[in-house]
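This report concerns only the one structure given below.
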Amino acid sequence: MIELKNLTKSFLVKGQGERRRKRVMHAVKDVEFQWGTQEFVAIVGESGCGKSTLGRVIAGIMPPSEGDVLLDGNSTLKLNKQQRREWARVVQLIPQDPFAALNPVRKISSLFADPLRYHGIATGSRVKQRTAELLDLVGLEPSNVMNKYPHQLSGGQRQRIVVARALTVNPRYLIADESVSMVDVSLRIGIMDKMKAIARERELGLLFITHDFRVARYIAQNGRIAVMYLGRIVEIGPTEEVLQNPQHPYTQALISAVPVLEGREQRVTLIEPRNYELTSEVSHEGCAFEPRCPFATESCRTKSPDLLEVSKSHGVACHYATPRRMVERENNAMV
Amino acid sequence: MNKLIRRVVTSLILIFVVATLTFFLIRLMPGSPYEVLYHQLLMKGMSQQQAADQVRSLLNATPNEPVILQYFQWVVQLFHGSLGNSIAQTGVPVTQLIFNALPWTLVTVTMGLFISFFIGIFLGVISASKRNSWVSGLIDNASSIAHAIPAYVTAVALLYLFNVVWHVFPSSGAYGITVYPGVNLPFILSFMYHMVLPVGTYVLTGLGSWELAMKATTITVTNDDFMMAARLRGLRHSTLMSYLGWNSILPLFTGFMLSLGAMFGGSVFIESTYSFPGIGNLFGAAITSRDYPVMEGCFLLTTTTIIVANVVADLMYSKLDPRIVD
Amino acid sequence: MSTVVDVKGLSVTFPTDEGVVRAVNDVSFSVREGESVGIVGESGSGKSTVAFALFDSVPSPGQISEGEVRFENGKNLLDMSEEERRRFYWSRISMVFQAAQNTLNPILRIQRQVEDIADAHNVSKKDAIARASELFETMYLHPKRVLSSYPHELSGGMKQRVSIALALLLNPRLVVLDEPTTALDVISQASVLRILDEVRRNTSVSFLFITHDISVISQVVDRVLVMYAGRVVESGPVRKIVTAPTHPYTRGLVASIPPLVGDLSGTKSVMGQPANLMNLPKGCAFYDRCEIRQPRCALEPPSYLPIDDDSAVACHVATGQDQGVNGP
Amino acid sequence: MKNIWKIFTRRPSRMVGVVLLLFFIVLAIFGPIMYPHPAVPNPNQIYAPPSWAHFLGTDYAGRDIWEQIVQGAQNVLYVAFLGALFTIIIGTVVGLAAGYLGPVVDNILMRITDMFLTIPSIALTIILAVTIGLSNNIVMAGILSFASWGGLARAIRSMVLSIKSRSFIEVSLGLGIPRWRVLFRDVLPNLMPYIVVHLMLALTSTVYGEVGLFFLGVVPFNAANWGVMLNYATGGSGAMYSTQSLMFLISPILAIVLLQTGIVLTSDAVNAIVDPRLREAK
């Protein structure tokens, strides 16, 4: 079990224009969240909402600024170097760009041999055998790819190799950061199926970071969805519940924005945001979504909403979530 | 404005640090300038006391004094705008020597810099537009070789050809003996005539780096998406060329620092060969005669010039390139 | 309705060390006035190359080896003189690029870039600025602010909208859109798509919309061409392509989009890897990945044949060229 | 191998470069065996023209010029190569440390690097040479590299920063592989092409500096060196102004020009061989 306690990650960024003093930017702000093995969770949000930073903090790549990450109930704040490395092994992060995730000057076999040898997972001739097993697991023909350089492979093949390499250290949790967004649409499902199957078989926790609600639903149909906006979780709940009954105006806007297959699906218009661009700077004390929210009132400007349960295990951070109804919904598949 | 002040302050600090380092470097090495003069005077038959007094009066410093005390004296002098006195030309203030020499070098180096810059970017554009052809290969290789051949070799070769063999240009000096320095036409013409070979050497040794840099940026910019977009927008050829030109030249401004440094450094070789009375020549002479205060002064001045030019180039660059918001 | 562009038998080849690669192979299609056509295909299918071929600007070392590109005046683009082509570009046919954020000159203000286009096409600068302001307004951009900005001062979504406005500046007949929303966030993408939809409903401009994701364009195009390994494998009205695709590849493409509601069990990937243009099979290029392949498919490539008034497909099985098997 | 051959045949100049460089390397290695002792003056043979006995003629003291060129090659190449190697090592270590060890180290090292980049390197080299007073070749190589590693350090640092931002480093660290191992297994191999190319560039500038110090006469003439020859040719011997002594003037000039040409053209070939763009097209 991984628990995030009041997790905040902030960076010092250079101010723009007149005020050139450095200021603190909260990439992740006060996030509370639990995630167990065998649980599939999708984190949805636009680029810049802090979802990738959250993934990195959970994976132990970055230390949190405030708060704590508990691994099986133990704080990770005071780990020594060796323990920190162990934690990083337990939680593996699969990055977005399969082109950048593989060292261009090394052959695939060497990329796998490194972690296997270093951790003593396999030695001698077992290294090659274990590599072949892992490649086979993600649906690649080992003899085809072992002795190639990354640039000799297609994007889909590379993404599978990145997944397989994360499995070399036998992690218990996988965090996939937009792991299919750079892959052709026609190949995405195959890679997601593989990740789901592997996670199910090995009883791993799977956290999938994405901007696409279709992907989120496909990964975490029986799990949970968390929607992030400017570092905060604004809505979280069981996947179908969030999709069928979204409470936060931002969630509603995101769902409305998903392009639909005209003829096969009905257009869903819940709300239109006031701004189409993420305004990354929130100067006031209130709700981060206030500048884009069509329903915002004075209290949204002054008071930041807490994440409260609206129904069992469905939490929303909005002052007006419960009473407001959506504009219109016709959501029946027509195929 | 804020930025300018910050740059100037950091530059002043940098100059001071460099000056301090050279001071200690030279003093801590065996054979400090004071000992050298002291021993020279002893050799001339002075008594120890006489020699020490002489050194004190000439160099405004006491030999065998702790280095740290010498340093404080030196700093006080520096803030009074004094760099001490020359040893070789006994008693002449270093600042005077430098101010006599500086204009010659400043004019020739600046001219060499600009001419090599323009020829370099011109060749770079040609090489980039004829990429992968023999023309481009020839230009690139010729530029790199011209850049790699030491300035003294180029200078000697030019001097031999244009003075010894063809008698076209003079072998030494900055102006003829019959003219008076000042704002008068005979002097200016004579100066320009004497300047041809030194400036030509700066240009030959300097243009290579501009050519290569310009070629690289031009190719990068040509392949940029916005150039493709500009072509498809049906923009006039002249507009396309100005898009390409400005975007390629802008990044080169940051190279002004290195190239100015290299040119001022190269002036030692070039001015020594042509006996051109600038800073390089002064520096070269100071080295031969172990005239430490002059060496120090020339070095400090050269460094300062480069730092100032650097600040100017940076400010210019941030004015020219809107992407630099800082 | 008149035809805006008519492409016939277009082939684009790239010479490589291991032989000549046909990135686009015998592609024919036309776009009518006011019509919006989508080209869908995965990376390497040749869809972007088709877009650049319409401007005779195939990335080097590629070249148009065969075919013709005729615009409404009946003139073949490939026969035009350099100057004629320059004037033709942007005033008659314009483009919105995949990486629109990089298609503006980084060191000039937007206003200057609008003026440069005006100058190149003999339009008065004042008119061009007025027209640009009007377009910016319809795209939820603040005209004054945008005109006086440098590109780096605008966000990705804003730059994309600016470049759409620039594409419409001279009222061209055809706008080619090459993956214009791929780099954008979901909400930004939705707004760009809605703007495009409004433009096509309110003007007679035609769109050629190139994308790898059919779900993105199904709301903004009338007709779709599906490309695979340099060839068009299926074409038809978008509704038909989405609801009743014929070619097994199109079927795979549609099936690989997970629905937002309802059953997910029908969602599946197209198996195998994208076709390798260096090493295409002898018969149908899709043979290796096809779920309904027949022995004949391995031997000869299928012809691209009409199956009814407005659709055509290149598949032995679907067009019944292979006896005894009809597409399920 | 086939590709390397292709790179050479595409531009014959590259072949010329390698041949020139190899020629001087052979001279440097076998020169001391051919001519183990300093050239002997011969008052009867002052400024003799080229002949079978004196391949390039003789100098103002009647010494064989070819013999001096050959002996100079060893000194020039040895010191220049050593200096270039030092430059590469200092630049790489400083650049790696600045880019890889975090912002504090980065800030300190880059301030120092900036200072070295600002100081005119030739002037600093000369001052160092004068004050230290040269004792041997290794010290000379050290002086030559001392002022010239800044550019490489800066370039390496910015490359390390850009490599660090690519996710394969993060992935390797995430797999629990220690930082130093990641540095050598993942970061350094990506820099090797650039380091190799820069070695060639550094070689041209150390040749420049080394010969220049002798030419200026600021260091004791304790070795046979082309700079010493050039110094005598342009200075005391008056060879500049006599048609008789042309060979004495031209020989060191030609040696320097040909060596630098060889290095430059070879580095063009090396550049093409290690260029990642060409490798990816394979």
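A note on labels: chains of the structure tokens are A, B, ... as shown, every chain counts residues from 1, and ligands are counted from 1 in their shown order.
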Nearby residues (only C-alpha atoms) at most 9 Å from Met146 in chain A, same-chain spacing under 3 positions excluded, as a ChimeraX atom specification: /A:107-110,128,131-132,135,141-143,149
Once you have the residues from the selection above, write them out as a PDB file, in the first residue's frame, restricted to C-alpha atoms.
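Once written, again-v3.pdb looks like this:
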```pdb
ATOM      1  CA  LYS A 107      21.950  -1.945 -27.590  1.00  0.00           C
ATOM      2  CA  ILE A 108      18.738  -3.330 -26.117  1.00  0.00           C
ATOM      3  CA  SER A 109      20.556  -6.303 -24.573  1.00  0.00           C
ATOM      4  CA  SER A 110      22.955  -3.986 -22.741  1.00  0.00           C
ATOM      5  CA  LYS A 128      20.282 -13.128 -21.689  1.00  0.00           C
ATOM      6  CA  THR A 131      15.957 -10.499 -21.007  1.00  0.00           C
ATOM      7  CA  ALA A 132      14.402 -12.789 -23.581  1.00  0.00           C
ATOM      8  CA  LEU A 135      10.775  -9.173 -24.093  1.00  0.00           C
ATOM      9  CA  GLU A 141      10.257 -11.435 -30.529  1.00  0.00           C
ATOM     10  CA  PRO A 142      13.517 -11.437 -28.472  1.00  0.00           C
ATOM     11  CA  SER A 143      15.801 -12.475 -31.319  1.00  0.00           C
ATOM     12  CA  TYR A 149      19.872  -0.057 -31.180  1.00  0.00           C
TER      13      TYR A 149
END
```
Residue contacts of range 244-250 of chain B (12 Å, only C-alpha atoms) excluding same-chain residues fewer than 4 positions away, as number ranges by chain: B: 117-118, 120-122, 124-126, 128-129, 210-228, 230-231, 237-240, 254-256, 313-314, 316-324; C: 104-108
Hey, can you spit out that residue selection with C-alpha atoms as a compact mmCIF listing (two decimals), in the first residue's frame?
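Below you can see result.txt, which holds the result:
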```
# COMPACT_ATOMS: atom_id res chain seq x y z
CA PHE B 117 32.63 38.63 -39.57
CA PHE B 118 31.10 39.84 -42.82
CA GLY B 120 32.71 34.75 -42.74
CA ILE B 121 28.94 34.96 -42.73
CA PHE B 122 28.92 35.51 -46.50
CA GLY B 124 28.91 30.52 -44.48
CA VAL B 125 25.68 31.28 -46.32
CA ILE B 126 27.19 30.17 -49.62
CA ALA B 128 25.12 26.27 -46.46
CA SER B 129 23.20 26.86 -49.67
CA TRP B 210 32.46 32.76 -38.38
CA GLU B 211 32.11 30.76 -41.58
CA LEU B 212 31.66 27.48 -39.75
CA ALA B 213 29.27 28.94 -37.18
CA MET B 214 27.22 30.71 -39.83
CA LYS B 215 27.00 27.59 -41.93
CA ALA B 216 25.77 25.57 -38.96
CA THR B 217 23.11 28.08 -37.89
CA THR B 218 21.98 28.67 -41.48
CA ILE B 219 21.45 24.96 -42.02
CA THR B 220 19.60 24.66 -38.71
CA VAL B 221 17.36 27.61 -39.52
CA THR B 222 16.75 26.43 -43.10
CA ASN B 223 15.43 23.18 -41.67
CA ASP B 224 13.31 24.93 -39.05
CA ASP B 225 9.59 24.54 -39.44
CA PHE B 226 9.00 28.26 -39.71
CA MET B 227 11.16 28.53 -42.83
CA MET B 228 9.17 25.76 -44.50
CA ALA B 230 7.28 30.86 -44.75
CA ARG B 231 7.97 29.27 -48.14
CA HIS B 237 12.33 35.63 -51.92
CA SER B 238 13.78 38.73 -50.28
CA THR B 239 11.54 38.27 -47.21
CA LEU B 240 12.57 34.62 -46.95
CA THR B 254 27.41 35.21 -28.42
CA GLY B 255 30.59 34.20 -30.24
CA PHE B 256 31.91 37.76 -30.13
CA ALA B 313 27.49 42.14 -27.14
CA ASP B 314 25.16 40.66 -24.54
CA MET B 316 22.96 44.15 -28.02
CA TYR B 317 21.92 40.55 -28.29
CA SER B 318 19.11 40.92 -25.78
CA LYS B 319 17.89 43.99 -27.67
CA LEU B 320 18.01 42.17 -31.02
CA ASP B 321 16.55 38.85 -30.00
CA PRO B 322 13.09 39.25 -28.48
CA ARG B 323 13.25 35.77 -27.01
CA ILE B 324 15.74 36.96 -24.38
CA LEU C 104 6.06 31.40 -36.80
CA ASN C 105 9.26 33.37 -37.20
CA PRO C 106 10.48 33.57 -33.60
CA ILE C 107 12.01 37.04 -33.86
CA LEU C 108 9.14 38.96 -35.47
```
Can you write out as a tab-separated table which residues of chain B fall within 8 Å of chain D, alongside each residue's closest atom pair and its distance in Å to one decimal, counting only C-alpha atoms and ordering rows by chain and ascending residue number?
```
residue	atom	partner	partner_atom	distance
B:Leu14	CA	D:Met115	CA	7.2
B:Val18	CA	D:Met115	CA	7.8
B:Leu25	CA	D:Thr131	CA	7.9
B:Ile26	CA	D:Thr131	CA	6.3
B:Met29	CA	D:Thr131	CA	5.8
B:Pro30	CA	D:Thr131	CA	7.2
B:Gly31	CA	D:Thr131	CA	7.9
B:Asn141	CA	D:Leu265	CA	6.9
B:Ser144	CA	D:Val264	CA	6.5
B:Ile145	CA	D:Thr261	CA	5.5
B:Ala148	CA	D:Thr204	CA	5.9
B:Ile149	CA	D:Val257	CA	5.9
B:Pro150	CA	D:Tyr208	CA	5.2
B:Tyr152	CA	D:Gly212	CA	7.3
B:Val153	CA	D:Ile253	CA	6.2
B:Val156	CA	D:Thr234	CA	7.6
B:Ala157	CA	D:Ile253	CA	7.9
B:Tyr160	CA	D:Met240	CA	6.7
B:Val164	CA	D:Tyr241	CA	6.3
B:Met257	CA	D:Thr118	CA	7.2
B:Leu258	CA	D:Leu117	CA	7.1
B:Gly261	CA	D:Pro120	CA	4.8
B:Ala262	CA	D:Pro120	CA	6.3
B:Phe264	CA	D:Pro120	CA	7.1
B:Gly265	CA	D:Ile122	CA	5.1
B:Gly266	CA	D:Ile122	CA	7.1
B:Val268	CA	D:Ala123	CA	7.9
B:Phe269	CA	D:Leu216	CA	7.3
B:Gly284	CA	D:Leu216	CA	7.6
B:Ile287	CA	D:Val218	CA	6.7
B:Thr288	CA	D:Val218	CA	6.2
B:Met295	CA	D:Ile127	CA	7.8
B:Phe299	CA	D:Ala123	CA	6.8
B:Thr302	CA	D:Pro120	CA	7.3
B:Thr303	CA	D:Ile119	CA	5.4
B:Ile306	CA	D:Thr118	CA	6.7
B:Ile307	CA	D:Thr118	CA	6.6
```
One-decimal distance in Å that lies between CA of Leu282 in chain B and CA of Ser86 in chain B: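 Interatomic distance, CA of Ser86 in chain B to CA of Leu282 in chain B: 11.1 Å.
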Contact residues around Gly286 in chain A with only C-alpha atoms at 10 Å, ignoring same-chain residues under 6 positions, as a PyMOL selection string: chain A and resi 298-305
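Of all the residues in range 228-296 of chain A, the ones DSSP labels as alpha helix (DSSP H) from the backbone are A:Thr239, A:Glu240, A:Glu241, A:Val242, A:Leu243, A:Gln244, A:Pro249, A:Tyr250, A:Thr251, A:Gln252, A:Ala253, A:Leu254, A:Ile255, A:Ser256, A:Ala257.
Neighbouring residues of Ile257 in chain C at 10 Å or closer, counting only C-alpha atoms and skipping chain neighbours under 5 positions away, are Val185, Ser186, Arg188, Ile189, Arg214, Val215, Tyr218, Val260 and Leu261 of chain A; Asp213, Ile214, Ser215, Gly252, Leu264, Gly266, Thr267, Lys268 and Ser269 of chain C.
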Any chance you could export the current selection's N, CA and C atoms as a PDB file, in the first residue's frame?
```
ATOM      1  N   VAL A 185      -2.442   5.544 -32.612  1.00  0.00           N
ATOM      2  CA  VAL A 185      -3.718   5.130 -32.023  1.00  0.00           C
ATOM      3  C   VAL A 185      -3.963   3.639 -32.223  1.00  0.00           C
ATOM      4  N   SER A 186      -3.619   3.149 -33.398  1.00  0.00           N
ATOM      5  CA  SER A 186      -3.928   1.752 -33.709  1.00  0.00           C
ATOM      6  C   SER A 186      -3.136   0.779 -32.851  1.00  0.00           C
ATOM      7  N   ARG A 188      -2.135   1.571 -29.550  1.00  0.00           N
ATOM      8  CA  ARG A 188      -2.223   1.889 -28.125  1.00  0.00           C
ATOM      9  C   ARG A 188      -2.883   0.768 -27.331  1.00  0.00           C
ATOM     10  N   ILE A 189      -3.993   0.285 -27.858  1.00  0.00           N
ATOM     11  CA  ILE A 189      -4.756  -0.717 -27.116  1.00  0.00           C
ATOM     12  C   ILE A 189      -3.886  -1.934 -26.828  1.00  0.00           C
ATOM     13  N   ARG A 214     -10.657   8.553 -22.497  1.00  0.00           N
ATOM     14  CA  ARG A 214     -10.867   7.228 -23.096  1.00  0.00           C
ATOM     15  C   ARG A 214      -9.814   6.247 -22.575  1.00  0.00           C
ATOM     16  N   VAL A 215      -8.558   6.708 -22.577  1.00  0.00           N
ATOM     17  CA  VAL A 215      -7.465   5.867 -22.089  1.00  0.00           C
ATOM     18  C   VAL A 215      -7.670   5.560 -20.610  1.00  0.00           C
ATOM     19  N   TYR A 218     -10.240   2.953 -20.172  1.00  0.00           N
ATOM     20  CA  TYR A 218      -9.821   1.642 -20.657  1.00  0.00           C
ATOM     21  C   TYR A 218      -8.888   0.964 -19.656  1.00  0.00           C
ATOM     22  N   VAL A 260     -15.738  13.015 -30.096  1.00  0.00           N
ATOM     23  CA  VAL A 260     -16.532  11.782 -30.193  1.00  0.00           C
ATOM     24  C   VAL A 260     -16.522  11.269 -31.619  1.00  0.00           C
ATOM     25  N   LEU A 261     -16.738   9.983 -31.740  1.00  0.00           N
ATOM     26  CA  LEU A 261     -16.856   9.364 -33.054  1.00  0.00           C
ATOM     27  C   LEU A 261     -18.276   9.619 -33.548  1.00  0.00           C
TER      28      LEU A 261
ATOM     29  N   ASP C 213      -5.718  10.031 -35.831  1.00  0.00           N
ATOM     30  CA  ASP C 213      -6.754   9.673 -34.866  1.00  0.00           C
ATOM     31  C   ASP C 213      -8.118  10.030 -35.437  1.00  0.00           C
ATOM     32  N   ILE C 214      -8.822   9.020 -35.879  1.00  0.00           N
ATOM     33  CA  ILE C 214     -10.077   9.275 -36.588  1.00  0.00           C
ATOM     34  C   ILE C 214     -11.107   9.919 -35.662  1.00  0.00           C
ATOM     35  N   SER C 215     -10.994   9.686 -34.361  1.00  0.00           N
ATOM     36  CA  SER C 215     -11.993  10.252 -33.453  1.00  0.00           C
ATOM     37  C   SER C 215     -11.909  11.776 -33.433  1.00  0.00           C
ATOM     38  N   GLY C 252     -10.066  -2.012 -37.909  1.00  0.00           N
ATOM     39  CA  GLY C 252      -9.133  -2.044 -36.783  1.00  0.00           C
ATOM     40  C   GLY C 252      -8.943  -0.663 -36.178  1.00  0.00           C
ATOM     41  N   LEU C 264     -16.598  -2.205 -23.239  1.00  0.00           N
ATOM     42  CA  LEU C 264     -15.229  -2.018 -23.725  1.00  0.00           C
ATOM     43  C   LEU C 264     -14.701  -3.254 -24.427  1.00  0.00           C
ATOM     44  N   GLY C 266     -15.331  -4.730 -27.085  1.00  0.00           N
ATOM     45  CA  GLY C 266     -15.106  -4.685 -28.532  1.00  0.00           C
ATOM     46  C   GLY C 266     -13.849  -3.930 -28.922  1.00  0.00           C
ATOM     47  N   THR C 267     -13.225  -3.280 -27.939  1.00  0.00           N
ATOM     48  CA  THR C 267     -12.051  -2.476 -28.237  1.00  0.00           C
ATOM     49  C   THR C 267     -10.839  -3.367 -28.386  1.00  0.00           C
ATOM     50  N   LYS C 268     -10.163  -3.261 -29.504  1.00  0.00           N
ATOM     51  CA  LYS C 268      -8.939  -4.043 -29.645  1.00  0.00           C
ATOM     52  C   LYS C 268      -7.999  -3.368 -30.616  1.00  0.00           C
ATOM     53  N   SER C 269      -6.759  -3.774 -30.536  1.00  0.00           N
ATOM     54  CA  SER C 269      -5.702  -3.159 -31.314  1.00  0.00           C
ATOM     55  C   SER C 269      -5.631  -3.794 -32.683  1.00  0.00           C
TER      56      SER C 269
END
```
For Ser11 in chain B, work out the shell of residues within 10 Å, counting only C-alpha atoms and skipping chain neighbours fewer than 6 positions away, then give it as an mmCIF file with N, CA, C and O atoms, in the first residue's frame.
```cif
data_model
loop_
_atom_site.group_PDB
_atom_site.id
_atom_site.type_symbol
_atom_site.label_atom_id
_atom_site.label_comp_id
_atom_site.auth_asym_id
_atom_site.auth_seq_id
_atom_site.Cartn_x
_atom_site.Cartn_y
_atom_site.Cartn_z
ATOM 1 N N ILE B 5 23.119 47.293 -14.634
ATOM 2 C CA ILE B 5 23.889 47.576 -13.417
ATOM 3 C C ILE B 5 24.495 46.275 -12.879
ATOM 4 O O ILE B 5 25.664 46.201 -12.546
ATOM 5 N N VAL B 17 39.122 40.332 -9.870
ATOM 6 C CA VAL B 17 39.600 38.978 -9.552
ATOM 7 C C VAL B 17 40.738 38.596 -10.494
ATOM 8 O O VAL B 17 41.788 38.096 -10.059
ATOM 9 N N THR B 304 40.018 43.375 -19.645
ATOM 10 C CA THR B 304 38.961 44.357 -19.451
ATOM 11 C C THR B 304 38.239 44.644 -20.772
ATOM 12 O O THR B 304 37.005 44.694 -20.817
ATOM 13 N N ILE B 307 35.935 41.859 -21.525
ATOM 14 C CA ILE B 307 34.753 41.842 -20.661
ATOM 15 C C ILE B 307 33.768 42.930 -21.086
ATOM 16 O O ILE B 307 32.564 42.690 -21.197
ATOM 17 N N VAL B 308 34.295 44.109 -21.373
ATOM 18 C CA VAL B 308 33.416 45.204 -21.797
ATOM 19 C C VAL B 308 32.713 44.848 -23.107
ATOM 20 O O VAL B 308 31.487 44.975 -23.235
ATOM 21 N N ASN B 310 32.105 42.049 -24.229
ATOM 22 C CA ASN B 310 31.184 40.982 -23.912
ATOM 23 C C ASN B 310 29.853 41.511 -23.391
ATOM 24 O O ASN B 310 28.779 41.096 -23.808
ATOM 25 N N VAL B 311 29.959 42.468 -22.465
ATOM 26 C CA VAL B 311 28.746 43.076 -21.912
ATOM 27 C C VAL B 311 27.963 43.776 -23.027
ATOM 28 O O VAL B 311 26.750 43.617 -23.150
#
```
Polymer residues at most 10 Å from Val40 in chain C, only C-alpha atoms, same-chain spacing of 2 or more positions, as a ChimeraX atom specification: /C:37-38,42-43,45-48,179,209-214,217,224-228,232,234-235,250,253
Preceding selection exported with N, CA and C atoms as a compact mmCIF listing (two decimals), in the first residue's frame:
```
# COMPACT_ATOMS: atom_id res chain seq x y z
N VAL C 37 -12.39 17.02 -46.24
CA VAL C 37 -11.95 15.65 -46.43
C VAL C 37 -10.88 15.31 -45.42
N GLY C 38 -10.97 14.14 -44.82
CA GLY C 38 -9.95 13.71 -43.86
C GLY C 38 -9.07 12.62 -44.45
N GLU C 42 -1.64 5.72 -39.92
CA GLU C 42 -0.66 5.74 -38.85
C GLU C 42 0.66 6.33 -39.38
N SER C 43 1.63 6.47 -38.49
CA SER C 43 2.89 7.06 -38.93
C SER C 43 3.52 6.17 -40.01
N SER C 45 2.35 6.09 -43.04
CA SER C 45 1.36 5.74 -44.06
C SER C 45 1.43 6.68 -45.26
N GLY C 46 2.16 7.77 -45.14
CA GLY C 46 2.31 8.68 -46.27
C GLY C 46 1.34 9.84 -46.25
N LYS C 47 0.55 9.96 -45.16
CA LYS C 47 -0.47 11.00 -45.16
C LYS C 47 0.11 12.41 -45.16
N SER C 48 1.15 12.62 -44.38
CA SER C 48 1.75 13.96 -44.36
C SER C 48 2.47 14.25 -45.68
N GLU C 179 -2.38 17.35 -38.81
CA GLU C 179 -2.40 17.07 -37.36
C GLU C 179 -2.45 18.35 -36.54
N PHE C 209 -7.94 17.42 -44.05
CA PHE C 209 -7.58 17.28 -42.64
C PHE C 209 -6.81 15.98 -42.45
N ILE C 210 -5.56 16.10 -42.05
CA ILE C 210 -4.71 14.91 -41.95
C ILE C 210 -4.48 14.55 -40.49
N THR C 211 -4.73 13.30 -40.12
CA THR C 211 -4.59 12.92 -38.71
C THR C 211 -4.36 11.42 -38.58
N HIS C 212 -3.88 11.02 -37.40
CA HIS C 212 -3.74 9.59 -37.15
C HIS C 212 -4.90 9.10 -36.28
N ASP C 213 -5.72 10.03 -35.83
CA ASP C 213 -6.75 9.67 -34.87
C ASP C 213 -8.12 10.03 -35.44
N ILE C 214 -8.82 9.02 -35.88
CA ILE C 214 -10.08 9.28 -36.59
C ILE C 214 -11.11 9.92 -35.66
N ILE C 217 -11.38 13.80 -35.98
CA ILE C 217 -11.93 14.53 -37.12
C ILE C 217 -13.35 14.12 -37.49
N VAL C 224 -13.76 10.63 -45.68
CA VAL C 224 -12.48 10.18 -45.13
C VAL C 224 -11.76 9.29 -46.13
N LEU C 225 -10.45 9.49 -46.25
CA LEU C 225 -9.60 8.54 -46.97
C LEU C 225 -8.74 7.86 -45.93
N VAL C 226 -8.66 6.55 -46.00
CA VAL C 226 -7.79 5.83 -45.07
C VAL C 226 -6.56 5.39 -45.83
N MET C 227 -5.40 5.75 -45.32
CA MET C 227 -4.16 5.38 -46.01
C MET C 227 -3.41 4.32 -45.23
N TYR C 228 -2.80 3.41 -45.96
CA TYR C 228 -1.94 2.42 -45.33
C TYR C 228 -0.75 2.16 -46.25
N VAL C 232 -4.10 4.54 -50.64
CA VAL C 232 -5.43 4.72 -50.08
C VAL C 232 -6.08 3.35 -50.07
N GLU C 234 -9.16 2.79 -48.31
CA GLU C 234 -10.61 2.91 -48.25
C GLU C 234 -10.99 4.37 -48.26
N SER C 235 -12.13 4.67 -48.89
CA SER C 235 -12.65 6.03 -48.79
C SER C 235 -14.16 5.97 -48.75
N THR C 250 -9.33 -0.31 -41.63
CA THR C 250 -10.24 0.72 -41.13
C THR C 250 -11.01 0.20 -39.93
N LEU C 253 -8.81 0.35 -37.05
CA LEU C 253 -8.62 1.71 -36.56
C LEU C 253 -9.79 2.15 -35.69
```
